[in-house]
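One file, entry.pdb, carrying PDB, C-alpha atoms, pLDDT in the B column:
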ATOM      1  CA  MET M 752     193.747  54.966 105.578  1.00 67.00           C
ATOM      2  CA  CYS M 753     191.930  53.469 108.571  1.00 82.00           C
ATOM      3  CA  GLY M 754     189.128  54.943 110.621  1.00 87.00           C
ATOM      4  CA  ILE M 755     188.975  55.208 114.421  1.00 89.00           C
ATOM      5  CA  SER M 756     185.973  56.046 116.607  1.00 91.00           C
ATOM      6  CA  GLY M 757     184.908  55.766 120.213  1.00 92.00           C
ATOM      7  CA  ILE M 758     183.091  57.060 123.252  1.00 92.00           C
ATOM      8  CA  LEU M 759     184.651  57.647 126.669  1.00 91.00           C
ATOM      9  CA  SER M 760     182.238  58.084 129.565  1.00 87.00           C
ATOM     10  CA  GLN M 761     182.258  58.105 133.345  1.00 84.00           C
ATOM     11  CA  LYS M 762     179.058  56.065 133.193  1.00 82.00           C
ATOM     12  CA  ARG M 763     179.035  52.345 132.496  1.00 80.00           C
ATOM     13  CA  GLN M 764     178.766  51.554 128.777  1.00 75.00           C
ATOM     14  CA  ASN M 765     175.450  50.082 127.660  1.00 79.00           C
ATOM     15  CA  GLY M 766     173.967  48.542 124.532  1.00 81.00           C
ATOM     16  CA  ASN M 767     172.998  51.948 123.162  1.00 87.00           C
ATOM     17  CA  THR M 768     176.609  53.188 123.373  1.00 87.00           C
ATOM     18  CA  ILE M 769     177.870  50.027 121.690  1.00 89.00           C
ATOM     19  CA  ASP M 770     175.330  50.441 118.874  1.00 92.00           C
ATOM     20  CA  ILE M 771     176.421  54.063 118.390  1.00 92.00           C
ATOM     21  CA  VAL M 772     180.088  53.053 118.070  1.00 92.00           C
ATOM     22  CA  LYS M 773     179.196  50.180 115.724  1.00 92.00           C
ATOM     23  CA  ASN M 774     177.344  52.704 113.527  1.00 93.00           C
ATOM     24  CA  MET M 775     180.337  55.046 113.685  1.00 92.00           C
ATOM     25  CA  VAL M 776     182.664  52.244 112.563  1.00 91.00           C
ATOM     26  CA  ASN M 777     180.265  51.212 109.801  1.00 91.00           C
ATOM     27  CA  THR M 778     180.171  54.836 108.609  1.00 92.00           C
ATOM     28  CA  LEU M 779     183.994  54.687 108.332  1.00 89.00           C
ATOM     29  CA  ARG M 780     183.897  51.487 106.263  1.00 85.00           C
ATOM     30  CA  HIS M 781     185.067  53.371 103.159  1.00 85.00           C
ATOM     31  CA  ARG M 782     188.303  54.219 105.038  1.00 83.00           C
ATOM     32  CA  GLY M 783     188.899  50.632 106.094  1.00 80.00           C
ATOM     33  CA  PRO M 784     186.867  48.091 104.166  1.00 81.00           C
ATOM     34  CA  ASP M 785     188.900  45.017 105.116  1.00 84.00           C
ATOM     35  CA  GLU M 786     188.051  44.570 108.770  1.00 83.00           C
ATOM     36  CA  ARG M 787     186.203  46.193 111.657  1.00 87.00           C
ATOM     37  CA  GLY M 788     186.645  45.686 115.381  1.00 88.00           C
ATOM     38  CA  ILE M 789     185.251  47.029 118.651  1.00 92.00           C
ATOM     39  CA  TYR M 790     186.451  46.957 122.254  1.00 93.00           C
ATOM     40  CA  VAL M 791     184.171  47.686 125.218  1.00 92.00           C
ATOM     41  CA  ASP M 792     184.828  47.972 128.943  1.00 89.00           C
ATOM     42  CA  ASP M 793     183.133  49.879 131.774  1.00 87.00           C
ATOM     43  CA  GLN M 794     184.099  53.363 130.573  1.00 88.00           C
ATOM     44  CA  ILE M 795     185.158  53.163 126.937  1.00 91.00           C
ATOM     45  CA  CYS M 796     183.830  51.792 123.710  1.00 92.00           C
ATOM     46  CA  MET M 797     186.227  52.142 120.781  1.00 93.00           C
ATOM     47  CA  GLY M 798     186.212  50.830 117.260  1.00 92.00           C
ATOM     48  CA  GLN M 799     188.327  50.729 114.150  1.00 90.00           C
ATOM     49  CA  ALA M 800     187.829  50.136 110.427  1.00 88.00           C
ATOM     50  CA  ARG M 801     190.963  48.725 108.812  1.00 86.00           C
ATOM     51  CA  LEU M 802     192.490  48.921 105.356  1.00 83.00           C
ATOM     52  CA  SER M 803     194.865  45.947 105.049  1.00 82.00           C
ATOM     53  CA  ILE M 804     198.042  46.703 103.138  1.00 78.00           C
ATOM     54  CA  ILE M 805     200.766  44.935 105.112  1.00 74.00           C
ATOM     55  CA  ASP M 806     200.016  41.776 107.128  1.00 73.00           C
ATOM     56  CA  PRO M 807     196.343  41.404 106.202  1.00 72.00           C
ATOM     57  CA  GLU M 808     195.898  38.388 108.513  1.00 75.00           C
ATOM     58  CA  GLY M 809     197.791  39.713 111.536  1.00 73.00           C
ATOM     59  CA  GLY M 810     196.571  43.255 111.996  1.00 75.00           C
ATOM     60  CA  ILE M 811     193.270  42.635 113.738  1.00 81.00           C
ATOM     61  CA  GLN M 812     192.286  45.524 116.017  1.00 85.00           C
ATOM     62  CA  PRO M 813     191.658  46.658 118.670  1.00 90.00           C
ATOM     63  CA  ILE M 814     194.922  45.146 119.948  1.00 88.00           C
ATOM     64  CA  HIS M 815     196.025  44.435 123.495  1.00 91.00           C
ATOM     65  CA  ASN M 816     199.074  43.579 125.542  1.00 92.00           C
ATOM     66  CA  GLU M 817     199.782  40.116 126.971  1.00 94.00           C
ATOM     67  CA  ASP M 818     197.469  40.355 129.989  1.00 95.00           C
ATOM     68  CA  GLU M 819     194.778  42.433 128.219  1.00 92.00           C
ATOM     69  CA  SER M 820     195.207  45.305 130.683  1.00 93.00           C
ATOM     70  CA  LEU M 821     195.876  47.784 127.845  1.00 92.00           C
ATOM     71  CA  TRP M 822     193.861  48.085 124.631  1.00 92.00           C
ATOM     72  CA  LEU M 823     194.352  50.409 121.681  1.00 88.00           C
ATOM     73  CA  VAL M 824     193.337  51.208 118.160  1.00 86.00           C
ATOM     74  CA  CYS M 825     195.710  52.849 115.724  1.00 81.00           C
ATOM     75  CA  ASN M 826     195.897  53.605 112.048  1.00 75.00           C
ATOM     76  CA  GLY M 827     198.663  51.032 111.646  1.00 65.00           C
ATOM     77  CA  GLU M 828     201.203  53.226 109.900  1.00 70.00           C
ATOM     78  CA  ILE M 829     204.269  52.117 111.818  1.00 74.00           C
ATOM     79  CA  PHE M 830     206.908  52.622 109.189  1.00 79.00           C
ATOM     80  CA  ASN M 831     209.868  51.259 111.182  1.00 86.00           C
ATOM     81  CA  TYR M 832     208.044  48.087 112.192  1.00 81.00           C
ATOM     82  CA  ILE M 833     210.899  45.835 111.039  1.00 87.00           C
ATOM     83  CA  GLU M 834     213.398  47.514 113.358  1.00 91.00           C
ATOM     84  CA  LEU M 835     210.903  47.596 116.222  1.00 89.00           C
ATOM     85  CA  TRP M 836     210.045  43.926 115.704  1.00 87.00           C
ATOM     86  CA  LYS M 837     213.704  42.920 115.970  1.00 89.00           C
ATOM     87  CA  GLU M 838     214.116  44.983 119.159  1.00 89.00           C
ATOM     88  CA  LEU M 839     210.989  43.524 120.763  1.00 86.00           C
ATOM     89  CA  GLU M 840     211.918  39.919 119.994  1.00 85.00           C
TER      90      GLU M 840
END
As C-alpha cells:
Amino acid sequence: MCGISGILSQKRQNGNTIDIVKNMVNTLRHRGPDERGIYVDDQICMGQARLSIIDPEGGIQPIHNEDESLWLVCNGEIFNYIELWKELE
C-alpha cells in the first residue's frame, strides 16, 4: 500500500512545485511510512511514499535505468519478481 503523487507541466519546475509534491508525499505517509522519495527534472516532479514488505533495503524509489534516462515510481507489487529477476540476469 504505497502512495504516488506528482505534477507534470510544460513549464520548468520550481521550488514551489517541489514543495507541493513534498507535501503531497507527506500527506500519503500513512500509505507508505517506511520511505519517501522525489524525482525532479524540467517538466515533472514525482514522489512516492513506500511501505516496505519485501526487500526493505533495496526498494528505494523513484527508480531509474542504468543511464538515468528513464525514471519511475510504482507501488511495488510485482508478484512474479523472482521469474523476472532470473530472466533479466
task = Might you spell out which residues the PyMOL selection byres ((chain M and resi 779-788) around 9) would select in the displayed file, as a ChimeraX atom specification?
result = /M:752-756,773-778,789-790,797-803,807,811-813
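Reported to one decimal place, the separation of CA of Asp793 (chain M) from CA of Asn765 (chain M) is 8.7 Å.
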Step by step, gather every atom of region 778-789 of chain M that the file lists, find the box along x, y and z that holds them, add 4 Å on each side, and finally give centre and edge lengths in Å to one decimal, as lines of an AutoDock Vina configuration file.
center_x = 184.5
center_y = 49.7
center_z = 110.9
size_x = 16.7
size_y = 18.3
size_z = 23.5
ask   = Quick one: distance from CA of Cys825 (chain M) to CA of Ser760 (chain M) in Å, one decimal?
value =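 Pair CA of Cys825 (chain M) / CA of Ser760 (chain M) returns 20.0 Å.
One distance worth recording is that between CA of Gly757 (chain M) and CA of Ser820 (chain M), which is 18.0 Å.
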inquiry  = For the provided coordinates, the residues matched by the PyMOL selection byres ((chain M and resi 828) around 10) should be stated as a PyMOL selection string.
reply    = chain M and resi 752-753+804-805+825-827+829-832
